[in-house]
>>> print(open('upload30.cif').read())   # mmCIF, C-alpha atoms and all ligand atoms
data_input
#
loop_
_atom_site.group_PDB
_atom_site.id
_atom_site.type_symbol
_atom_site.label_atom_id
_atom_site.label_comp_id
_atom_site.auth_asym_id
_atom_site.auth_seq_id
_atom_site.Cartn_x
_atom_site.Cartn_y
_atom_site.Cartn_z
ATOM 1 C CA MET A 1 -13.997 -4.266 37.420
ATOM 2 C CA SER A 2 -14.663 -1.023 35.587
ATOM 3 C CA LYS A 3 -13.315 -0.497 32.089
ATOM 4 C CA THR A 4 -11.003 2.210 33.415
ATOM 5 C CA GLU A 5 -8.858 -0.246 35.341
ATOM 6 C CA LYS A 6 -8.448 -2.728 32.503
ATOM 7 C CA THR A 7 -5.096 -3.310 30.866
ATOM 8 C CA THR A 8 -4.762 -4.468 27.264
ATOM 9 C CA ILE A 9 -1.689 -5.410 25.250
ATOM 10 C CA VAL A 10 -2.155 -4.290 21.620
ATOM 11 C CA THR A 11 0.399 -5.487 19.059
ATOM 12 C CA GLY A 12 1.077 -3.660 15.825
ATOM 13 C CA ALA A 13 -0.186 -0.530 17.553
ATOM 14 C CA ALA A 14 2.161 1.932 15.841
ATOM 15 C CA SER A 15 -0.136 2.349 12.857
ATOM 16 C CA GLY A 16 -3.427 1.550 11.173
ATOM 17 C CA ILE A 17 -5.931 -0.688 12.921
ATOM 18 C CA GLY A 18 -3.767 -1.367 15.984
ATOM 19 C CA ARG A 19 -3.239 2.337 16.582
ATOM 20 C CA ALA A 20 -6.997 2.950 16.345
ATOM 21 C CA ILE A 21 -7.673 0.128 18.819
ATOM 22 C CA ALA A 22 -5.057 1.432 21.276
ATOM 23 C CA LEU A 23 -6.439 4.984 21.128
ATOM 24 C CA ARG A 24 -10.035 3.795 21.473
ATOM 25 C CA LEU A 25 -9.334 1.608 24.507
ATOM 26 C CA ALA A 26 -7.353 4.413 26.171
ATOM 27 C CA GLY A 27 -10.086 6.901 25.259
ATOM 28 C CA GLU A 28 -12.581 4.652 27.037
ATOM 29 C CA GLY A 29 -10.437 4.834 30.165
ATOM 30 C CA GLY A 30 -8.415 1.652 29.821
ATOM 31 C CA ARG A 31 -4.660 1.213 30.032
ATOM 32 C CA VAL A 32 -2.733 -0.050 27.024
ATOM 33 C CA LEU A 33 0.706 -1.512 26.448
ATOM 34 C CA ALA A 34 1.333 -0.884 22.753
ATOM 35 C CA MET A 35 3.924 -3.160 21.150
ATOM 36 C CA ASP A 36 5.409 -2.796 17.684
ATOM 37 C CA THR A 37 8.714 -3.101 15.840
ATOM 38 C CA ASP A 38 8.275 0.528 14.736
ATOM 39 C CA ALA A 39 9.703 2.583 17.619
ATOM 40 C CA ALA A 40 9.104 5.908 15.850
ATOM 41 C CA GLY A 41 5.458 5.017 15.237
ATOM 42 C CA LEU A 42 5.069 4.071 18.903
ATOM 43 C CA ALA A 43 6.528 7.411 19.980
ATOM 44 C CA ASP A 44 4.007 9.145 17.716
ATOM 45 C CA LEU A 45 1.173 7.081 19.233
ATOM 46 C CA ALA A 46 2.221 8.080 22.739
ATOM 47 C CA THR A 47 2.031 11.766 21.808
ATOM 48 C CA ALA A 48 -1.332 11.285 20.041
ATOM 49 C CA GLN A 49 -3.069 10.531 23.343
ATOM 50 C CA ALA A 50 -5.482 13.225 24.412
ATOM 51 C CA GLU A 51 -4.208 15.247 27.369
ATOM 52 C CA ALA A 52 -6.829 13.721 29.635
ATOM 53 C CA GLU A 53 -5.624 10.258 28.661
ATOM 54 C CA ALA A 54 -1.906 10.940 29.129
ATOM 55 C CA GLY A 55 -0.104 8.012 30.684
ATOM 56 C CA ARG A 56 -2.738 5.449 29.737
ATOM 57 C CA ILE A 57 -0.708 4.196 26.767
ATOM 58 C CA ALA A 58 2.723 2.717 27.470
ATOM 59 C CA THR A 59 4.858 1.523 24.578
ATOM 60 C CA LEU A 60 7.363 -1.252 24.019
ATOM 61 C CA ALA A 61 9.442 -1.877 20.905
ATOM 62 C CA GLY A 62 9.503 -5.571 20.099
ATOM 63 C CA ASP A 63 8.935 -8.286 17.524
ATOM 64 C CA VAL A 64 5.862 -10.477 18.058
ATOM 65 C CA ALA A 65 7.591 -13.313 16.183
ATOM 66 C CA ARG A 66 10.331 -13.549 18.840
ATOM 67 C CA GLU A 67 9.319 -15.560 21.900
ATOM 68 C CA GLU A 68 11.621 -13.563 24.192
ATOM 69 C CA ASP A 69 10.026 -10.289 23.042
ATOM 70 C CA VAL A 70 6.522 -11.646 23.721
ATOM 71 C CA ALA A 71 7.611 -12.835 27.179
ATOM 72 C CA SER A 72 9.149 -9.389 27.836
ATOM 73 C CA CYS A 73 5.953 -7.687 26.721
ATOM 74 C CA VAL A 74 3.881 -9.735 29.168
ATOM 75 C CA ALA A 75 6.411 -9.026 31.957
ATOM 76 C CA GLU A 76 6.379 -5.300 31.125
ATOM 77 C CA ALA A 77 2.570 -5.160 31.284
ATOM 78 C CA MET A 78 2.624 -6.868 34.684
ATOM 79 C CA GLN A 79 5.343 -4.584 35.989
ATOM 80 C CA ARG A 80 3.658 -1.391 34.788
ATOM 81 C CA PHE A 81 0.015 -2.211 35.405
ATOM 82 C CA GLY A 82 -0.054 -5.296 37.643
ATOM 83 C CA ARG A 83 -2.585 -7.205 35.545
ATOM 84 C CA ILE A 84 -3.458 -8.186 31.971
ATOM 85 C CA ASP A 85 -7.133 -8.169 31.056
ATOM 86 C CA ALA A 86 -6.808 -8.542 27.317
ATOM 87 C CA VAL A 87 -4.413 -9.116 24.440
ATOM 88 C CA VAL A 88 -5.110 -7.921 20.904
ATOM 89 C CA CYS A 89 -2.900 -9.840 18.450
ATOM 90 C CA ASN A 90 -3.064 -7.367 15.600
ATOM 91 C CA ALA A 91 0.466 -7.034 14.161
ATOM 92 C CA GLY A 92 0.565 -8.383 10.632
ATOM 93 C CA ILE A 93 2.543 -8.400 7.403
ATOM 94 C CA MET A 94 1.734 -9.436 3.833
ATOM 95 C CA LYS A 95 4.057 -10.676 1.104
ATOM 96 C CA ARG A 96 2.378 -10.632 -2.282
ATOM 97 C CA VAL A 97 4.773 -12.927 -4.158
ATOM 98 C CA PRO A 98 4.058 -15.889 -6.481
ATOM 99 C CA ALA A 99 4.614 -19.211 -4.698
ATOM 100 C CA ALA A 100 7.373 -20.121 -7.140
ATOM 101 C CA GLU A 101 9.317 -17.031 -6.073
ATOM 102 C CA LEU A 102 8.543 -16.845 -2.355
ATOM 103 C CA SER A 103 11.489 -18.008 -0.253
ATOM 104 C CA TYR A 104 10.758 -20.589 2.409
ATOM 105 C CA GLU A 105 12.250 -18.126 4.886
ATOM 106 C CA ASP A 106 9.710 -15.442 3.881
ATOM 107 C CA TRP A 107 6.863 -17.977 4.009
ATOM 108 C CA HIS A 108 7.844 -18.771 7.596
ATOM 109 C CA ARG A 109 8.257 -15.102 8.516
ATOM 110 C CA VAL A 110 4.628 -14.411 7.555
ATOM 111 C CA LEU A 111 3.483 -17.441 9.566
ATOM 112 C CA ASP A 112 5.566 -16.421 12.576
ATOM 113 C CA VAL A 113 4.375 -12.808 12.637
ATOM 114 C CA ASN A 114 0.717 -13.243 11.693
ATOM 115 C CA LEU A 115 -0.140 -16.589 13.258
ATOM 116 C CA SER A 116 2.439 -17.743 15.796
ATOM 117 C CA GLN A 117 2.257 -14.488 17.772
ATOM 118 C CA SER A 118 -1.205 -15.496 19.001
ATOM 119 C CA PHE A 119 0.131 -18.861 20.190
ATOM 120 C CA LEU A 120 3.024 -17.066 21.927
ATOM 121 C CA PHE A 121 0.742 -14.586 23.689
ATOM 122 C CA ALA A 122 -1.617 -17.395 24.751
ATOM 123 C CA LYS A 123 1.390 -19.279 26.096
ATOM 124 C CA HIS A 124 2.917 -16.371 28.021
ATOM 125 C CA ALA A 125 -0.148 -14.322 29.021
ATOM 126 C CA GLY A 126 -2.651 -17.174 29.408
ATOM 127 C CA SER A 127 -2.307 -17.538 33.190
ATOM 128 C CA GLU A 128 -2.645 -13.779 33.812
ATOM 129 C CA LEU A 129 -5.640 -13.637 31.464
ATOM 130 C CA ARG A 130 -7.238 -16.474 33.431
ATOM 131 C CA LYS A 131 -6.690 -14.610 36.718
ATOM 132 C CA ALA A 132 -8.258 -11.475 35.226
ATOM 133 C CA ARG A 133 -11.101 -13.460 33.538
ATOM 134 C CA GLY A 134 -9.992 -11.649 30.424
ATOM 135 C CA ALA A 135 -10.122 -11.923 26.653
ATOM 136 C CA MET A 136 -7.986 -12.331 23.557
ATOM 137 C CA LEU A 137 -8.786 -10.816 20.194
ATOM 138 C CA LEU A 138 -7.022 -12.124 17.090
ATOM 139 C CA VAL A 139 -7.004 -9.988 13.956
ATOM 140 C CA SER A 140 -7.759 -12.253 11.000
ATOM 141 C CA SER A 141 -9.038 -11.042 7.607
ATOM 142 C CA THR A 142 -11.705 -11.779 5.014
ATOM 143 C CA ARG A 143 -8.721 -13.285 3.179
ATOM 144 C CA ALA A 144 -9.285 -16.257 5.505
ATOM 145 C CA PHE A 145 -12.292 -16.993 3.280
ATOM 146 C CA MET A 146 -11.389 -15.586 -0.159
ATOM 147 C CA SER A 147 -8.188 -14.706 -2.014
ATOM 148 C CA GLU A 148 -6.310 -12.801 -4.659
ATOM 149 C CA ALA A 149 -3.436 -14.486 -6.491
ATOM 150 C CA ASP A 150 0.004 -14.728 -4.865
ATOM 151 C CA THR A 151 -1.147 -14.235 -1.290
ATOM 152 C CA GLU A 152 -0.853 -17.835 -0.044
ATOM 153 C CA SER A 153 1.222 -17.135 3.054
ATOM 154 C CA TYR A 154 -1.033 -14.299 4.215
ATOM 155 C CA SER A 155 -4.288 -16.181 3.558
ATOM 156 C CA ALA A 156 -2.966 -19.291 5.298
ATOM 157 C CA THR A 157 -2.215 -17.290 8.443
ATOM 158 C CA LYS A 158 -5.589 -15.567 8.449
ATOM 159 C CA GLY A 159 -7.389 -18.889 7.989
ATOM 160 C CA GLY A 160 -5.208 -20.250 10.771
ATOM 161 C CA LEU A 161 -6.363 -17.461 13.074
ATOM 162 C CA PHE A 162 -10.000 -18.427 12.431
ATOM 163 C CA ALA A 163 -9.141 -21.920 13.730
ATOM 164 C CA LEU A 164 -6.877 -20.687 16.528
ATOM 165 C CA ALA A 165 -9.666 -18.450 17.868
ATOM 166 C CA HIS A 166 -11.985 -21.396 18.499
ATOM 167 C CA SER A 167 -9.171 -23.687 19.601
ATOM 168 C CA LEU A 168 -7.895 -21.212 22.216
ATOM 169 C CA ALA A 169 -11.462 -20.378 23.253
ATOM 170 C CA VAL A 170 -11.949 -24.030 24.178
ATOM 171 C CA SER A 171 -8.577 -24.443 25.885
ATOM 172 C CA LEU A 172 -8.707 -21.207 27.914
ATOM 173 C CA SER A 173 -12.367 -21.554 28.919
ATOM 174 C CA PRO A 174 -14.191 -20.795 31.079
ATOM 175 C CA GLU A 175 -12.075 -17.892 32.335
ATOM 176 C CA VAL A 176 -10.854 -16.405 29.045
ATOM 177 C CA ARG A 177 -12.923 -15.569 25.965
ATOM 178 C CA VAL A 178 -11.109 -15.691 22.626
ATOM 179 C CA ASN A 179 -12.549 -14.166 19.459
ATOM 180 C CA ALA A 180 -11.266 -12.934 16.122
ATOM 181 C CA VAL A 181 -12.214 -10.112 13.804
ATOM 182 C CA ALA A 182 -11.937 -10.525 10.056
ATOM 183 C CA PRO A 183 -11.717 -7.064 8.509
ATOM 184 C CA GLY A 184 -12.235 -6.521 4.810
ATOM 185 C CA TRP A 185 -10.789 -3.466 3.072
ATOM 186 C CA ILE A 186 -9.756 -0.955 5.731
ATOM 187 C CA ASN A 187 -8.139 2.237 4.437
ATOM 188 C CA VAL A 188 -5.278 2.547 6.909
ATOM 189 C CA SER A 189 -3.086 4.796 4.765
ATOM 190 C CA GLY A 190 -5.704 7.430 4.079
ATOM 191 C CA GLU A 191 -5.095 6.952 0.335
ATOM 192 C CA ALA A 192 -7.431 8.619 -2.139
ATOM 193 C CA LEU A 193 -10.025 6.108 -3.309
ATOM 194 C CA ARG A 194 -12.209 5.916 -6.426
ATOM 195 C CA PRO A 195 -16.025 5.883 -6.296
ATOM 196 C CA VAL A 196 -15.964 2.256 -7.510
ATOM 197 C CA ASP A 197 -13.830 1.287 -4.508
ATOM 198 C CA HIS A 198 -16.611 2.433 -2.215
ATOM 199 C CA GLN A 199 -19.458 1.152 -4.389
ATOM 200 C CA GLN A 200 -18.338 -2.472 -4.246
ATOM 201 C CA HIS A 201 -19.265 -2.500 -0.557
ATOM 202 C CA LEU A 202 -22.909 -3.076 0.440
ATOM 203 C CA VAL A 203 -22.700 -0.132 2.846
ATOM 204 C CA GLY A 204 -21.325 2.111 0.074
ATOM 205 C CA ARG A 205 -17.913 2.839 1.543
ATOM 206 C CA VAL A 206 -14.482 1.392 2.274
ATOM 207 C CA GLY A 207 -13.750 0.708 5.943
ATOM 208 C CA GLU A 208 -11.878 2.909 8.411
ATOM 209 C CA PRO A 209 -9.609 1.741 11.257
ATOM 210 C CA ASP A 210 -12.219 2.858 13.784
ATOM 211 C CA ASP A 211 -14.737 0.407 12.277
ATOM 212 C CA VAL A 212 -12.509 -2.375 13.629
ATOM 213 C CA ALA A 213 -11.661 -0.516 16.848
ATOM 214 C CA HIS A 214 -15.357 -0.215 17.777
ATOM 215 C CA ALA A 215 -15.828 -3.961 17.275
ATOM 216 C CA ALA A 216 -12.661 -4.693 19.263
ATOM 217 C CA SER A 217 -13.886 -2.592 22.164
ATOM 218 C CA PHE A 218 -17.187 -4.487 22.174
ATOM 219 C CA LEU A 219 -15.696 -7.982 21.881
ATOM 220 C CA LEU A 220 -13.170 -7.313 24.676
ATOM 221 C CA ASP A 221 -15.874 -6.037 27.026
ATOM 222 C CA GLY A 222 -16.841 -8.949 29.287
ATOM 223 C CA GLU A 223 -20.117 -7.313 30.280
ATOM 224 C CA LYS A 224 -21.353 -6.644 26.760
ATOM 225 C CA ALA A 225 -19.810 -9.637 24.967
ATOM 226 C CA GLY A 226 -19.560 -12.129 27.839
ATOM 227 C CA PHE A 227 -21.576 -14.776 25.942
ATOM 228 C CA ILE A 228 -19.448 -14.544 22.786
ATOM 229 C CA THR A 229 -16.358 -16.721 22.433
ATOM 230 C CA GLY A 230 -14.648 -18.749 19.737
ATOM 231 C CA GLN A 231 -16.179 -16.544 17.038
ATOM 232 C CA THR A 232 -14.819 -14.631 14.078
ATOM 233 C CA LEU A 233 -16.662 -11.400 13.315
ATOM 234 C CA VAL A 234 -16.470 -10.258 9.689
ATOM 235 C CA ILE A 235 -16.163 -6.463 9.388
ATOM 236 C CA ASP A 236 -16.198 -5.789 5.655
ATOM 237 C CA GLY A 237 -19.124 -3.536 4.779
ATOM 238 C CA GLY A 238 -20.816 -6.616 3.315
ATOM 239 C CA MET A 239 -18.235 -7.116 0.568
ATOM 240 C CA THR A 240 -18.043 -10.889 1.050
ATOM 241 C CA ARG A 241 -21.846 -11.223 1.065
ATOM 242 C CA GLN A 242 -22.272 -10.009 -2.506
ATOM 243 C CA MET A 243 -22.288 -12.613 -5.296
ATOM 244 C CA ILE A 244 -20.385 -11.527 -8.371
ATOM 245 C CA TYR A 245 -21.674 -12.510 -11.836
ATOM 246 C CA ALA A 246 -20.334 -10.920 -15.010
ATOM 247 C CA HIS A 247 -23.199 -9.191 -16.898
HETATM 248 N N1 LIG B 301 -5.975 -2.824 6.330
HETATM 249 C C1 LIG B 301 -6.732 -3.803 5.904
HETATM 250 O O1 LIG B 301 -7.442 -3.680 4.892
HETATM 251 C C2 LIG B 301 -6.762 -5.118 6.648
HETATM 252 C C3 LIG B 301 -7.746 -6.043 6.291
HETATM 253 C C4 LIG B 301 -7.815 -7.254 6.962
HETATM 254 C C5 LIG B 301 -6.921 -7.517 7.988
HETATM 255 N N2 LIG B 301 -5.968 -6.613 8.318
HETATM 256 C C6 LIG B 301 -5.057 -6.962 9.416
HETATM 257 O O2 LIG B 301 -5.079 -5.942 10.380
HETATM 258 C C7 LIG B 301 -3.856 -5.937 11.085
HETATM 259 C C8 LIG B 301 -3.299 -4.521 11.092
HETATM 260 O O3 LIG B 301 -3.012 -4.144 9.770
HETATM 261 P P1 LIG B 301 -3.032 -2.647 9.242
HETATM 262 O O4 LIG B 301 -3.829 -2.633 7.998
HETATM 263 O O5 LIG B 301 -3.377 -1.723 10.345
HETATM 264 O O6 LIG B 301 -1.503 -2.536 8.782
HETATM 265 P P2 LIG B 301 -0.323 -1.589 9.213
HETATM 266 O O7 LIG B 301 0.829 -2.004 8.368
HETATM 267 O O8 LIG B 301 -0.773 -0.168 9.201
HETATM 268 O O9 LIG B 301 -0.058 -2.001 10.728
HETATM 269 C C9 LIG B 301 0.606 -3.171 11.071
HETATM 270 C C10 LIG B 301 1.519 -2.863 12.239
HETATM 271 O O10 LIG B 301 2.152 -4.096 12.649
HETATM 272 C C11 LIG B 301 3.509 -3.805 12.929
HETATM 273 N N3 LIG B 301 4.294 -5.033 12.832
HETATM 274 C C12 LIG B 301 4.602 -5.721 11.709
HETATM 275 N N4 LIG B 301 5.365 -6.779 12.019
HETATM 276 C C13 LIG B 301 5.530 -6.762 13.365
HETATM 277 C C14 LIG B 301 6.222 -7.603 14.271
HETATM 278 N N5 LIG B 301 6.906 -8.665 13.847
HETATM 279 N N6 LIG B 301 6.179 -7.315 15.584
HETATM 280 C C15 LIG B 301 5.497 -6.211 16.026
HETATM 281 N N7 LIG B 301 4.823 -5.380 15.209
HETATM 282 C C16 LIG B 301 4.844 -5.647 13.888
HETATM 283 C C17 LIG B 301 3.906 -2.764 11.889
HETATM 284 O O11 LIG B 301 5.084 -2.062 12.267
HETATM 285 C C18 LIG B 301 2.661 -1.899 11.861
HETATM 286 O O12 LIG B 301 2.726 -0.844 12.805
HETATM 287 C C19 LIG B 301 -2.943 -6.936 10.357
HETATM 288 O O13 LIG B 301 -2.952 -8.168 11.045
HETATM 289 C C20 LIG B 301 -3.605 -7.088 9.010
HETATM 290 O O14 LIG B 301 -3.328 -8.324 8.415
HETATM 291 C C21 LIG B 301 -5.869 -5.406 7.680
#
>>> encode(input="upload30.cif", output="structure tokens", more="lines below")
Ligand SMILES: NC(=O)c1ccc[n+]([C@@H]2O[C@H](COP(=O)([O-])OP(=O)(O)OC[C@H]3O[C@@H](n4cnc5c(N)ncnc54)[C@H](O)[C@@H]3O)[C@@H](O)[C@H]2O)c1
Amino acid sequence: MSKTEKTTIVTGAASGIGRAIALRLAGEGGRVLAMDTDAAGLADLATAQAEAEAGRIATLAGDVAREEDVASCVAEAMQRFGRIDAVVCNAGIMKRVPAAELSYEDWHRVLDVNLSQSFLFAKHAGSELRKARGAMLLVSSTRAFMSEADTESYSATKGGLFALAHSLAVSLSPEVRVNAVAPGWINVSGEALRPVDHQQHLVGRVGEPDDVAHAASFLLDGEKAGFITGQTLVIDGGMTRQMIYAH
């Protein structure tokens, strides 16, 4: 099947990395169902499509932490496009709060959004992905492997996605490949950065959303990445490869 006929669900597609992935896949000729809680951001995404790509991105407002919304998203993709070749579980939230002050409810919210969505999409889209011999891509983080203070809930989910990628890869094999990406610092807001922000990366710059979108496109492509499954690809400009000693 050519890339042009492939359908991908992308969550958290109203902004940042998810938006870049949705636009890249559509730009390559694929069809995308973009899901997000941010309806205004989704409307903006739909209008951002190049004229030649009009109609390739459909949108659906929904919460990835609600099982009924995930089931509706899968049903919507089937109704609109008739098949699901890939799911990108990208939606994510972070609560930077000391453990002593983080409510148990907020702890669970981060787990539900960041981690459980991938279980829910595997549960509801797994059979269609098998039929399509498709792929899942989970968006983890270098915070799966290293941390700042007061980010326990976020780091736990991103570490969980590292494990879920290989666990789902085994369970959904041989038909479905499941991989994760672990981005480092990606400037999704376009904020002004200092020279030192760039210099702490081996490649000399902070990442851009398209750095992740290029990798997503590759990992979802069964012809190019057909021998890669259960892996987590770090996309961090080398930041986590540099030892830090105080001089
Ligand atoms: N930006 C970075 O430096 C960085 C680094 C590593 C990993 N990540 C991960 O990349 C992913 C995308 O993050 P981003 O930086 O583009 O952030 P972002 O805030 O720009 O985008 C996240 C999107 O997810 C949506 N979202 C949040 N909760 C949702 C829910 N319950 N249901 C549906 N949609 C929901 C938001 O509305 C938003 O559009 C996240 O999983 C994040 O953890 C980002």
>>> resolve_selection(input="upload30.cif", expression="the PyMOL selection byres (((chain A and resi 126) around 12) and not hetatm)", output="PDB file with C-alpha atoms, in the coordinates of the input")
ATOM      1  CA  ALA A  71       7.611 -12.835  27.179  1.00  0.00           C
ATOM      2  CA  VAL A  74       3.881  -9.735  29.168  1.00  0.00           C
ATOM      3  CA  ARG A  83      -2.585  -7.205  35.545  1.00  0.00           C
ATOM      4  CA  ILE A  84      -3.458  -8.186  31.971  1.00  0.00           C
ATOM      5  CA  ASP A  85      -7.133  -8.169  31.056  1.00  0.00           C
ATOM      6  CA  ALA A  86      -6.808  -8.542  27.317  1.00  0.00           C
ATOM      7  CA  VAL A  87      -4.413  -9.116  24.440  1.00  0.00           C
ATOM      8  CA  SER A 118      -1.205 -15.496  19.001  1.00  0.00           C
ATOM      9  CA  PHE A 119       0.131 -18.861  20.190  1.00  0.00           C
ATOM     10  CA  LEU A 120       3.024 -17.066  21.927  1.00  0.00           C
ATOM     11  CA  PHE A 121       0.742 -14.586  23.689  1.00  0.00           C
ATOM     12  CA  ALA A 122      -1.617 -17.395  24.751  1.00  0.00           C
ATOM     13  CA  LYS A 123       1.390 -19.279  26.096  1.00  0.00           C
ATOM     14  CA  HIS A 124       2.917 -16.371  28.021  1.00  0.00           C
ATOM     15  CA  ALA A 125      -0.148 -14.322  29.021  1.00  0.00           C
ATOM     16  CA  SER A 127      -2.307 -17.538  33.190  1.00  0.00           C
ATOM     17  CA  GLU A 128      -2.645 -13.779  33.812  1.00  0.00           C
ATOM     18  CA  LEU A 129      -5.640 -13.637  31.464  1.00  0.00           C
ATOM     19  CA  ARG A 130      -7.238 -16.474  33.431  1.00  0.00           C
ATOM     20  CA  LYS A 131      -6.690 -14.610  36.718  1.00  0.00           C
ATOM     21  CA  ALA A 132      -8.258 -11.475  35.226  1.00  0.00           C
ATOM     22  CA  ARG A 133     -11.101 -13.460  33.538  1.00  0.00           C
ATOM     23  CA  GLY A 134      -9.992 -11.649  30.424  1.00  0.00           C
ATOM     24  CA  ALA A 135     -10.122 -11.923  26.653  1.00  0.00           C
ATOM     25  CA  MET A 136      -7.986 -12.331  23.557  1.00  0.00           C
ATOM     26  CA  LEU A 168      -7.895 -21.212  22.216  1.00  0.00           C
ATOM     27  CA  ALA A 169     -11.462 -20.378  23.253  1.00  0.00           C
ATOM     28  CA  SER A 171      -8.577 -24.443  25.885  1.00  0.00           C
ATOM     29  CA  LEU A 172      -8.707 -21.207  27.914  1.00  0.00           C
ATOM     30  CA  SER A 173     -12.367 -21.554  28.919  1.00  0.00           C
ATOM     31  CA  GLU A 175     -12.075 -17.892  32.335  1.00  0.00           C
ATOM     32  CA  VAL A 176     -10.854 -16.405  29.045  1.00  0.00           C
ATOM     33  CA  ARG A 177     -12.923 -15.569  25.965  1.00  0.00           C
ATOM     34  CA  VAL A 178     -11.109 -15.691  22.626  1.00  0.00           C
TER      35      VAL A 178
END
>>> resolve_selection(input="upload30.cif", expression="the PyMOL selection byres (((chain A and resi 239) around 12) and not hetatm)", output="count of residues only")
30
>>> closest_atom_pairs(input="upload30.cif", of="chain A", to="ligand LIG 301 (chain B)", cutoff="8 Å", atoms="all atoms listed in the file", output="tab-separated table")
residue	atom	partner	partner_atom	distance
A:Thr11	CA	B:LIG301	N7	5.9
A:Gly12	CA	B:LIG301	O10	3.4
A:Ala13	CA	B:LIG301	O12	5.6
A:Ala14	CA	B:LIG301	O12	4.2
A:Ser15	CA	B:LIG301	O12	4.3
A:Gly16	CA	B:LIG301	O5	3.4
A:Ile17	CA	B:LIG301	O5	3.8
A:Gly18	CA	B:LIG301	O5	5.7
A:Arg19	CA	B:LIG301	O5	7.4
A:Met35	CA	B:LIG301	C15	6.2
A:Asp36	CA	B:LIG301	N7	3.6
A:Thr37	CA	B:LIG301	C15	4.5
A:Asp38	CA	B:LIG301	O11	4.8
A:Gly41	CA	B:LIG301	O12	6.9
A:Ala61	CA	B:LIG301	C15	7.6
A:Gly62	CA	B:LIG301	C15	5.7
A:Asp63	CA	B:LIG301	N6	3.5
A:Val64	CA	B:LIG301	N6	4.0
A:Ala65	CA	B:LIG301	N5	5.2
A:Arg66	CA	B:LIG301	N5	7.8
A:Cys89	CA	B:LIG301	O13	7.6
A:Asn90	CA	B:LIG301	O13	4.6
A:Ala91	CA	B:LIG301	O10	3.7
A:Gly92	CA	B:LIG301	O13	3.5
A:Ile93	CA	B:LIG301	C12	5.5
A:Met94	CA	B:LIG301	O14	6.9
A:Asp112	CA	B:LIG301	N5	8.0
A:Val113	CA	B:LIG301	N5	5.0
A:Asn114	CA	B:LIG301	O13	6.3
A:Val139	CA	B:LIG301	O13	5.3
A:Ser140	CA	B:LIG301	C5	5.7
A:Ser141	CA	B:LIG301	C4	4.0
A:Thr142	CA	B:LIG301	C4	6.3
A:Arg143	CA	B:LIG301	C4	7.2
A:Tyr154	CA	B:LIG301	O14	7.7
A:Lys158	CA	B:LIG301	O14	7.6
A:Ala182	CA	B:LIG301	C4	6.1
A:Pro183	CA	B:LIG301	C4	4.2
A:Gly184	CA	B:LIG301	C3	4.8
A:Trp185	CA	B:LIG301	O1	3.8
A:Ile186	CA	B:LIG301	O1	3.7
A:Asn187	CA	B:LIG301	N1	5.8
A:Val188	CA	B:LIG301	N1	5.4
A:Ser189	CA	B:LIG301	O8	7.0
A:Gly207	CA	B:LIG301	O1	7.8
A:Pro209	CA	B:LIG301	O5	7.2
>>> closest_residue(input="upload30.cif", among="A:Val170, A:Ala46, A:Val181, A:Ala39", to="A:Leu220", atoms="only C-alpha atoms")
A:Val181
>>> residues_around(input="upload30.cif", residues="A:Val97", least_positions_apart="6", cutoff="10 Å", atoms="only C-alpha atoms", output="mmCIF file with C-alpha atoms, keeping the file's coordinate frame")
data_model
loop_
_atom_site.group_PDB
_atom_site.id
_atom_site.type_symbol
_atom_site.label_atom_id
_atom_site.label_comp_id
_atom_site.auth_asym_id
_atom_site.auth_seq_id
_atom_site.Cartn_x
_atom_site.Cartn_y
_atom_site.Cartn_z
ATOM 1 C CA SER A 103 11.489 -18.008 -0.253
ATOM 2 C CA ASP A 106 9.710 -15.442 3.881
ATOM 3 C CA TRP A 107 6.863 -17.977 4.009
ATOM 4 C CA ALA A 149 -3.436 -14.486 -6.491
ATOM 5 C CA ASP A 150 0.004 -14.728 -4.865
ATOM 6 C CA THR A 151 -1.147 -14.235 -1.290
ATOM 7 C CA GLU A 152 -0.853 -17.835 -0.044
ATOM 8 C CA SER A 153 1.222 -17.135 3.054
#
>>> atom_distance(input="upload30.cif", atom1="atom CA of A:Ser217", atom2="atom CA of A:Lys6")
11.7 Å
>>> closest_residue(input="upload30.cif", among="A:Gln231, A:His214, A:Ala75, A:Ala100", to="A:Leu161", atoms="all atoms listed in the file")
A:Gln231
>>> atom_distance(input="upload30.cif", atom1="atom CA of A:Phe227", atom2="atom CA of A:Arg31")
23.6 Å
>>> build_atoms(input="upload30.cif", residues="stretch 12-18 of chain A", atoms="N, CA and C atoms", output="PDB file, in the coordinates of the input")
ATOM      1  N   GLY A  12       1.217  -4.369  17.095  1.00  0.00           N
ATOM      2  CA  GLY A  12       1.077  -3.660  15.825  1.00  0.00           C
ATOM      3  C   GLY A  12       0.349  -2.337  16.016  1.00  0.00           C
ATOM      4  N   ALA A  13       0.593  -1.713  17.169  1.00  0.00           N
ATOM      5  CA  ALA A  13      -0.186  -0.530  17.553  1.00  0.00           C
ATOM      6  C   ALA A  13       0.403   0.778  17.033  1.00  0.00           C
ATOM      7  N   ALA A  14       1.528   0.696  16.311  1.00  0.00           N
ATOM      8  CA  ALA A  14       2.161   1.932  15.841  1.00  0.00           C
ATOM      9  C   ALA A  14       1.437   2.540  14.654  1.00  0.00           C
ATOM     10  N   SER A  15       0.567   1.770  14.005  1.00  0.00           N
ATOM     11  CA  SER A  15      -0.136   2.349  12.857  1.00  0.00           C
ATOM     12  C   SER A  15      -1.453   1.633  12.605  1.00  0.00           C
ATOM     13  N   GLY A  16      -2.237   2.205  11.705  1.00  0.00           N
ATOM     14  CA  GLY A  16      -3.427   1.550  11.173  1.00  0.00           C
ATOM     15  C   GLY A  16      -4.434   1.097  12.223  1.00  0.00           C
ATOM     16  N   ILE A  17      -4.864  -0.145  12.077  1.00  0.00           N
ATOM     17  CA  ILE A  17      -5.931  -0.688  12.921  1.00  0.00           C
ATOM     18  C   ILE A  17      -5.485  -0.781  14.381  1.00  0.00           C
ATOM     19  N   GLY A  18      -4.250  -1.228  14.614  1.00  0.00           N
ATOM     20  CA  GLY A  18      -3.767  -1.367  15.984  1.00  0.00           C
ATOM     21  C   GLY A  18      -3.712  -0.037  16.704  1.00  0.00           C
TER      22      GLY A  18
END
